[in-house]
>>> print(open('final_24.cif').read())   # mmCIF, C-alpha atoms
data_structure
loop_
_atom_site.label_atom_id
_atom_site.label_comp_id
_atom_site.auth_asym_id
_atom_site.auth_seq_id
_atom_site.Cartn_x
_atom_site.Cartn_y
_atom_site.Cartn_z
CA MET J 1 87.51 61.64 69.92
CA ILE J 2 84.33 63.73 70.07
CA LYS J 3 81.14 61.68 70.17
CA PRO J 4 78.36 62.85 67.84
CA PRO J 5 75.32 64.23 69.66
CA ALA J 6 72.54 61.76 70.33
CA GLU J 7 69.64 61.99 67.91
CA ASN J 8 66.56 63.66 69.33
CA ILE J 9 63.86 61.09 70.05
CA LEU J 10 61.29 63.04 68.02
CA ASP J 11 63.63 63.39 65.03
CA ARG J 12 64.33 59.68 65.25
CA THR J 13 60.60 58.99 65.27
CA ARG J 14 60.14 61.11 62.15
CA ARG J 15 62.95 59.25 60.38
CA VAL J 16 61.43 55.84 61.17
CA LEU J 17 57.93 56.98 60.13
CA ARG J 18 59.27 58.18 56.78
CA ARG J 19 61.24 55.00 56.24
CA LYS J 20 58.03 53.01 56.79
CA HIS J 21 56.15 55.32 54.36
CA TYR J 22 53.65 56.71 56.87
CA SER J 23 51.72 59.74 55.62
CA TYR J 24 52.74 63.24 56.61
CA GLN J 25 49.52 63.71 58.58
CA THR J 26 50.17 60.52 60.57
CA GLU J 27 53.72 61.68 61.18
CA LYS J 28 52.52 64.98 62.62
CA ARG J 29 49.96 63.31 64.89
CA TYR J 30 52.30 60.60 66.17
CA VAL J 31 55.10 63.06 66.91
CA SER J 32 52.62 65.34 68.69
CA TRP J 33 51.32 62.51 70.90
CA ILE J 34 54.82 61.31 71.76
CA ARG J 35 55.87 64.86 72.66
CA ARG J 36 52.84 65.24 74.94
CA PHE J 37 53.56 61.86 76.56
CA ILE J 38 57.15 62.90 77.34
CA LEU J 39 56.12 66.33 78.67
CA PHE J 40 53.41 64.77 80.84
CA HIS J 41 56.10 62.78 82.64
CA GLY J 42 58.45 65.71 83.18
CA LYS J 43 60.58 65.19 80.04
CA ARG J 44 61.78 61.77 81.14
CA HIS J 45 63.25 59.65 78.36
CA PRO J 46 60.77 56.97 77.22
CA ILE J 47 63.43 54.28 77.61
CA HIS J 48 63.18 54.80 81.38
CA MET J 49 59.39 54.59 81.42
CA GLY J 50 57.10 51.61 81.12
CA ARG J 51 53.67 50.21 81.86
CA ALA J 52 52.82 52.52 84.79
CA GLU J 53 53.66 55.68 82.86
CA ILE J 54 51.77 54.61 79.74
CA GLU J 55 48.67 53.66 81.73
CA SER J 56 48.70 56.83 83.81
CA TYR J 57 48.93 59.01 80.69
CA LEU J 58 46.10 57.18 78.91
CA SER J 59 43.94 57.35 82.04
CA HIS J 60 44.69 61.09 82.28
CA LEU J 61 43.40 61.55 78.71
CA ALA J 62 40.16 59.76 79.54
CA GLU J 63 39.50 61.18 83.01
CA LYS J 64 40.91 64.72 82.88
CA GLU J 65 40.86 65.68 79.22
CA ASN J 66 37.66 63.76 78.36
CA VAL J 67 38.96 62.67 74.96
CA SER J 68 36.98 60.34 72.72
CA ALA J 69 37.81 56.65 72.40
CA SER J 70 39.29 57.16 68.92
CA THR J 71 41.56 59.95 70.19
CA GLN J 72 42.76 57.82 73.08
CA ASN J 73 43.41 54.92 70.70
CA GLN J 74 45.42 57.20 68.44
CA ALA J 75 47.58 58.27 71.40
CA LEU J 76 48.10 54.62 72.34
CA SER J 77 49.06 53.74 68.75
CA ALA J 78 51.66 56.53 68.73
CA ILE J 79 53.18 55.40 72.03
CA LEU J 80 53.26 51.75 70.95
CA PHE J 81 54.94 52.78 67.68
CA LEU J 82 57.56 54.63 69.72
CA TYR J 83 58.43 51.56 71.78
CA ARG J 84 58.13 48.96 69.03
CA SER J 85 59.65 50.67 66.02
CA VAL J 86 61.79 53.52 67.38
CA LEU J 87 63.18 52.22 70.68
CA ASP J 88 63.01 48.55 69.64
CA LYS J 89 61.51 47.77 73.04
CA PRO J 90 58.03 46.35 72.41
CA PRO J 91 55.86 46.26 75.56
CA SER J 92 55.50 42.72 76.91
CA PHE J 93 52.52 43.60 79.11
CA PRO J 94 48.82 44.41 78.56
CA ILE J 95 47.78 48.05 78.85
CA ASP J 96 45.26 48.35 81.70
CA ALA J 97 44.29 52.02 81.60
CA VAL J 98 40.95 53.74 82.10
CA ARG J 99 39.49 53.65 78.60
CA ALA J 100 37.42 56.44 77.11
CA ARG J 101 33.82 55.45 76.50
CA ARG J 102 33.19 54.58 72.88
CA SER J 103 30.07 56.36 71.67
CA ARG J 104 27.75 54.88 69.08
CA THR J 105 26.73 57.70 66.77
CA VAL J 106 24.56 57.70 63.67
CA PRO J 107 26.10 59.70 60.81
CA THR J 108 24.52 62.96 59.69
CA VAL J 109 22.88 62.52 56.29
CA LEU J 110 21.43 65.19 54.03
CA SER J 111 18.27 64.68 52.04
CA ARG J 112 18.55 64.95 48.25
CA ASP J 113 16.95 68.39 48.38
CA GLU J 114 19.40 69.54 51.05
CA VAL J 115 22.32 68.34 48.91
CA ARG J 116 21.00 70.38 45.96
CA ARG J 117 20.62 73.45 48.18
CA VAL J 118 24.21 73.24 49.41
CA LEU J 119 25.55 72.66 45.88
CA SER J 120 23.64 75.72 44.66
CA CYS J 121 25.64 77.82 47.14
CA LEU J 122 29.00 76.69 45.75
CA SER J 123 30.86 77.58 42.57
CA GLY J 124 34.11 76.92 40.72
CA HIS J 125 36.48 74.20 41.88
CA HIS J 126 34.77 73.98 45.28
CA LEU J 127 31.53 72.99 43.55
CA LEU J 128 33.37 70.34 41.52
CA MET J 129 35.02 68.93 44.62
CA VAL J 130 31.80 68.67 46.62
CA GLN J 131 30.08 67.07 43.62
CA LEU J 132 32.80 64.40 43.73
CA LEU J 133 32.41 63.98 47.49
CA TYR J 134 28.70 63.29 47.02
CA GLY J 135 28.73 61.72 43.56
CA SER J 136 31.72 59.40 44.14
CA GLY J 137 31.72 58.95 47.92
CA LEU J 138 35.22 60.37 48.34
CA ARG J 139 36.80 61.51 51.57
CA ALA J 140 38.04 65.11 51.52
CA SER J 141 41.68 63.95 51.66
CA GLU J 142 41.09 61.55 48.75
CA CYS J 143 39.49 64.30 46.69
CA VAL J 144 42.32 66.82 47.07
CA ARG J 145 44.93 64.11 46.32
CA LEU J 146 43.37 63.09 43.00
CA ARG J 147 45.82 63.14 40.09
CA VAL J 148 45.02 63.51 36.40
CA LYS J 149 45.73 59.83 35.72
CA ASP J 150 43.17 58.79 38.38
CA LEU J 151 40.21 60.03 36.32
CA ASP J 152 38.90 57.70 33.63
CA PHE J 153 36.32 59.62 31.63
CA ALA J 154 35.76 56.79 29.12
CA LEU J 155 34.85 54.22 31.80
CA LYS J 156 33.28 56.86 34.08
CA GLN J 157 35.30 55.81 37.10
CA VAL J 158 37.70 57.28 39.64
CA VAL J 159 40.70 55.39 40.96
CA VAL J 160 41.34 56.25 44.61
CA ARG J 161 45.04 55.67 45.27
CA ASP J 162 46.45 54.87 48.70
CA GLY J 163 43.17 55.46 50.51
CA LYS J 164 42.51 54.74 54.16
CA GLY J 165 44.39 51.60 55.14
CA ALA J 166 46.81 52.11 52.20
CA LYS J 167 44.28 50.55 49.80
CA ASP J 168 43.37 51.43 46.21
CA ARG J 169 39.78 51.21 45.01
CA TYR J 170 37.50 52.14 42.13
CA THR J 171 34.42 54.27 42.46
CA VAL J 172 31.93 55.89 40.11
CA LEU J 173 32.55 59.14 38.22
CA PRO J 174 29.21 60.99 37.86
CA GLN J 175 28.18 61.66 34.27
CA SER J 176 26.93 65.14 35.18
CA VAL J 177 30.36 66.25 36.38
CA ILE J 178 32.41 65.05 33.39
CA ASP J 179 32.04 68.14 31.16
CA PRO J 180 32.83 70.76 33.85
CA LEU J 181 35.66 68.55 35.15
CA GLU J 182 37.24 68.35 31.69
CA ILE J 183 37.07 72.15 31.38
CA HIS J 184 38.67 72.49 34.83
CA ILE J 185 41.48 70.09 33.89
CA ARG J 186 42.26 72.08 30.74
CA ARG J 187 42.73 75.17 32.93
CA VAL J 188 44.96 73.22 35.32
CA LYS J 189 47.07 72.08 32.37
CA LEU J 190 47.68 75.71 31.39
CA ILE J 191 48.96 76.36 34.93
CA HIS J 192 51.27 73.35 34.69
CA GLU J 193 52.63 74.46 31.32
CA ARG J 194 53.31 77.92 32.75
CA ASP J 195 55.15 76.32 35.68
CA LEU J 196 57.30 74.32 33.28
CA ARG J 197 58.22 77.45 31.33
CA THR J 198 59.41 79.11 34.54
CA GLY J 199 61.53 76.11 35.57
CA ASN J 200 59.05 74.63 38.02
CA GLY J 201 56.27 72.10 37.34
CA LEU J 202 57.36 69.60 39.99
CA VAL J 203 54.87 67.51 41.94
CA HIS J 204 55.35 65.15 44.87
CA LEU J 205 55.52 61.46 43.94
CA PRO J 206 54.67 58.72 46.42
CA TYR J 207 57.29 56.42 47.90
CA SER J 208 60.43 56.01 45.76
CA LEU J 209 58.88 56.72 42.36
CA SER J 210 60.90 59.92 42.01
CA ARG J 211 64.11 57.84 42.08
CA LYS J 212 62.71 55.12 39.83
CA TYR J 213 61.31 57.58 37.28
CA PRO J 214 63.41 60.79 37.56
CA ALA J 215 61.35 62.79 35.06
CA ALA J 216 57.90 61.65 36.21
CA ASP J 217 57.45 64.50 38.72
CA ARG J 218 57.12 66.93 35.77
CA GLU J 219 54.75 64.80 33.69
CA TRP J 220 51.20 65.98 33.21
CA ILE J 221 49.47 62.75 34.28
CA TRP J 222 51.02 62.98 37.78
CA GLN J 223 49.76 66.51 38.44
CA TYR J 224 47.01 67.12 41.00
CA VAL J 225 43.51 67.73 39.68
CA PHE J 226 42.98 70.40 42.36
CA PRO J 227 46.38 72.09 42.76
CA SER J 228 47.31 74.76 45.24
CA ARG J 229 47.38 78.34 44.03
CA ARG J 230 50.96 78.80 45.18
CA LEU J 231 54.26 76.97 44.91
CA THR J 232 55.34 75.89 48.39
CA PRO J 233 58.34 74.03 49.87
CA ASP J 234 57.77 70.39 50.73
CA PRO J 235 57.58 70.07 54.56
CA ARG J 236 59.92 67.05 54.48
CA SER J 237 62.43 67.67 51.68
CA GLY J 238 62.18 71.45 51.32
CA ILE J 239 61.83 71.15 47.51
CA VAL J 240 59.54 73.82 46.06
CA ARG J 241 56.57 72.21 44.33
CA ARG J 242 52.92 72.83 43.50
CA HIS J 243 51.13 70.79 46.11
CA HIS J 244 47.44 69.91 46.13
CA MET J 245 44.84 72.21 47.61
CA SER J 246 44.59 72.18 51.38
CA PRO J 247 41.59 70.19 52.70
CA SER J 248 40.92 73.01 55.17
CA THR J 249 39.87 75.35 52.33
CA LEU J 250 37.32 72.76 51.20
CA HIS J 251 36.01 72.35 54.76
CA LYS J 252 35.54 76.12 55.04
CA ALA J 253 33.73 76.28 51.70
CA VAL J 254 31.33 73.49 52.73
CA LYS J 255 30.63 75.12 56.08
CA GLY J 256 29.90 78.46 54.43
CA ALA J 257 27.64 76.89 51.78
CA ALA J 258 25.65 74.99 54.42
CA ARG J 259 25.15 78.22 56.33
CA LEU J 260 23.95 80.01 53.18
CA ALA J 261 21.61 77.11 52.36
CA ARG J 262 20.19 77.34 55.91
CA ILE J 263 20.75 73.67 56.64
CA ASP J 264 19.98 73.06 60.32
CA LYS J 265 22.48 70.21 60.62
CA ARG J 266 26.20 69.96 61.27
CA VAL J 267 27.43 69.67 57.69
CA THR J 268 31.04 68.65 56.95
CA CYS J 269 32.79 67.24 53.91
CA HIS J 270 32.24 63.74 55.29
CA THR J 271 28.48 64.36 55.42
CA PHE J 272 28.39 64.06 51.62
CA ARG J 273 30.12 60.66 51.78
CA HIS J 274 27.48 59.53 54.28
CA SER J 275 24.75 60.87 52.00
CA PHE J 276 26.28 59.08 48.98
CA ALA J 277 26.09 55.71 50.76
CA THR J 278 22.62 56.24 52.19
CA HIS J 279 21.08 57.39 48.92
CA LEU J 280 22.60 54.42 47.04
CA LEU J 281 20.98 52.05 49.55
CA GLU J 282 17.69 53.93 49.17
CA ASP J 283 17.95 53.37 45.41
CA GLY J 284 18.19 49.61 45.95
CA TYR J 285 21.91 48.95 45.49
CA ASP J 286 23.15 46.06 47.61
CA ILE J 287 25.33 46.74 50.62
CA ARG J 288 28.35 44.86 49.22
CA THR J 289 28.46 47.20 46.23
CA VAL J 290 28.30 50.23 48.51
CA GLN J 291 31.03 48.70 50.70
CA ASP J 292 33.35 48.36 47.68
CA LEU J 293 32.68 51.91 46.50
CA LEU J 294 33.40 53.31 49.97
CA GLY J 295 36.47 51.14 50.49
CA HIS J 296 35.33 49.72 53.83
CA LYS J 297 37.34 46.73 55.03
CA ASP J 298 34.43 45.27 56.99
CA VAL J 299 30.80 45.28 55.88
CA LYS J 300 29.85 46.06 59.49
CA THR J 301 31.20 49.57 58.91
CA THR J 302 28.86 49.99 55.96
CA MET J 303 25.93 48.58 57.95
CA ILE J 304 25.68 51.86 59.89
CA TYR J 305 23.87 53.35 56.89
CA THR J 306 21.10 50.79 57.16
CA HIS J 307 20.25 52.37 60.52
CA VAL J 308 19.96 55.77 58.86
CA LEU J 309 17.43 54.35 56.40
CA LYS J 310 15.07 53.38 59.21
CA ARG J 311 12.96 56.48 59.57
CA GLY J 312 11.46 57.46 62.89
CA GLY J 313 13.13 54.99 65.23
CA LEU J 314 13.36 51.58 63.47
CA ALA J 315 10.55 52.51 61.07
CA VAL J 316 7.95 52.32 63.86
CA ARG J 317 4.89 54.50 63.50
CA SER J 318 4.19 56.43 66.67
CA PRO J 319 0.85 55.68 68.42
CA LEU J 320 0.32 59.43 68.57
CA ASP J 321 0.20 59.48 64.77
CA HIS J 322 -2.43 56.75 64.86
CA ASP J 323 -4.53 58.84 67.28
CA LEU J 324 -4.10 61.95 65.15
CA GLY J 325 -5.06 60.00 62.04
CA ALA J 326 -8.20 58.66 63.70
CA ARG J 327 -9.17 62.14 64.90
CA LYS J 328 -8.70 63.60 61.40
CA LEU J 329 -10.85 60.81 60.00
CA ARG J 330 -13.63 61.61 62.52
CA GLU J 331 -13.37 65.33 61.72
CA SER J 332 -13.59 64.70 57.98
CA ASN J 333 -16.56 62.36 58.47
CA SER J 334 -18.41 64.90 60.59
CA SER J 335 -17.81 67.67 58.06
CA TRP J 336 -19.00 65.35 55.28
CA ARG J 337 -22.17 64.57 57.21
CA GLY J 338 -22.69 68.28 57.85
CA SER J 339 -22.41 69.07 54.16
CA ILE J 340 -24.89 66.31 53.30
CA GLU J 341 -27.39 67.51 55.90
CA GLY J 342 -27.01 71.12 54.76
CA ALA J 343 -27.62 70.10 51.15
CA ALA J 344 -30.73 68.14 52.21
CA ALA J 345 -32.07 71.16 54.11
CA LEU J 346 -31.54 73.44 51.09
CA GLY J 347 -33.26 70.89 48.89
#
>>> encode(input="final_24.cif", output="structure tokens")
Amino acid sequence: MIKPPAENILDRTRRVLRRKHYSYQTEKRYVSWIRRFILFHGKRHPIHMGRAEIESYLSHLAEKENVSASTQNQALSAILFLYRSVLDKPPSFPIDAVRARRSRTVPTVLSRDEVRRVLSCLSGHHLLMVQLLYGSGLRASECVRLRVKDLDFALKQVVVRDGKGAKDRYTVLPQSVIDPLEIHIRRVKLIHERDLRTGNGLVHLPYSLSRKYPAADREWIWQYVFPSRRLTPDPRSGIVRRHHMSPSTLHKAVKGAARLARIDKRVTCHTFRHSFATHLLEDGYDIRTVQDLLGHKDVKTTMIYTHVLKRGGLAVRSPLDHDLGARKLRESNSSWRGSIEGAAALG
């Protein structure tokens, strides 16, 4: 009897990730890290490796590749997933590797004028998307994944489905974007109707909804608000569908607009989310409200924006400014005296 070939460890990892409903992006990153871990140790099977190999690889990332703490943690999460969920061999030991230094960075925030300048350099659906990033505090991935049913024009709110941490949340829908967004959606509906006439019109549904509701993947409410221009095969199932727009196109549009607006800061899509939170706090909204709108699990994450509000190093006025102010006062007083004396001489 011929034994079936053993399943490739990476294919097995993909199967387990999909069974546990991990996102496609997480699947790609985890599989990439596991592949690099195996190649680093000369293609040895992970079942024959343990604590020493895991620690040496993580230390290599920190010491030789100079990765950030978050990148090293992501690699560790992928390796732990491999042992716990794929190989069913959870590590029974602490990981004592050289850890990458965690940096404490303050987010880049645009002023209100800088936001207006960047928006003025955008048009079409890219303008709408960046308005939602800033006006609703969305992440780029959340924006491109918006579906028609997630927009509530009557209540002026956006429902963010399956956000970071697999959580849903509500956030505000800006009044100023409602009219152009409704016009945009009418155009998207024409595209969907054309797809249906040509035998297409399918959209990806999360989890097992396609089995539970067989006709839902053709319904209008499930379509993406910002669809891709082309029909493409699903990377997992191979079914040809109209996917949502790639986040990379939005990143490129933002980068180009910031360059045109001559903003001397590193501007990304996430910069508008930072600006959304900071400007709400400037307007007097309490931090718990901002936390809910952003979808932060811990208020400490939201607290970073309170540091941004403190202008000039904890709101301290430099002693140099005090000296300059005193000098300007003396100069203005002397000029005032000079004008008085000149007037007296003329009199």
>>> closest_residue(input="final_24.cif", among="J:Leu146, J:Asp217, J:Arg35, J:Ile95", to="J:Ser56", atoms="only C-alpha atoms")
J:Ile95
>>> atom_distance(input="final_24.cif", atom1="atom CA of J:Thr302", atom2="atom CA of J:Thr71")
21.5 Å
>>> resolve_selection(input="final_24.cif", expression="the PyMOL selection byres ((chain J and resi 116) around 12)", output="list in words")
Leu110, Ser111, Arg112, Asp113, Glu114, Val115, Arg117, Val118, Leu119, Ser120, Cys121, Leu122, Leu127, Val130, Gln131, Tyr134, Gly135, Ala257, Ala258, Ala261, Ile263, Phe272 and Ser275 of chain J
>>> resolve_selection(input="final_24.cif", expression="the PyMOL selection byres ((chain J and resi 141) around 10)", output="ChimeraX atom specification")
/J:138-140,142-146,163-164,244-248,250,269
>>> residues_near_point(input="final_24.cif", point="(48.8, 66.7, 57.5)", cutoff="10 Å", atoms="only C-alpha atoms", output="list in words")
Ser23, Tyr24, Gln25, Thr26, Glu27, Lys28, Arg29, Ser141, Pro235, Ser246 and Pro247 of chain J
>>> closest_residue(input="final_24.cif", among="J:Leu87, J:Ile54, J:Leu132, J:Ala78", to="J:Pro174", atoms="all atoms listed in the file")
J:Leu132
>>> resolve_selection(input="final_24.cif", expression="the PyMOL selection byres ((chain J and resi 288) around 12)", output="VMD selection string")
chain J and resid 277 280 to 281 284 to 287 289 to 303
>>> closest_residue(input="final_24.cif", among="J:Ala216, J:Val159, J:Ile304, J:Ala166", to="J:His21", atoms="only C-alpha atoms")
J:Ala166
>>> closest_residue(input="final_24.cif", among="J:Ile221, J:Val86, J:Met49, J:Leu128", to="J:His192", atoms="all atoms listed in the file")
J:Ile221
>>> atom_distance(input="final_24.cif", atom1="atom CA of J:Ala215", atom2="atom CA of J:Asn200")
12.4 Å
>>> closest_residue(input="final_24.cif", among="J:Val67, J:Val177, J:Leu82, J:Leu151", to="J:Gly50", atoms="all atoms listed in the file")
J:Leu82
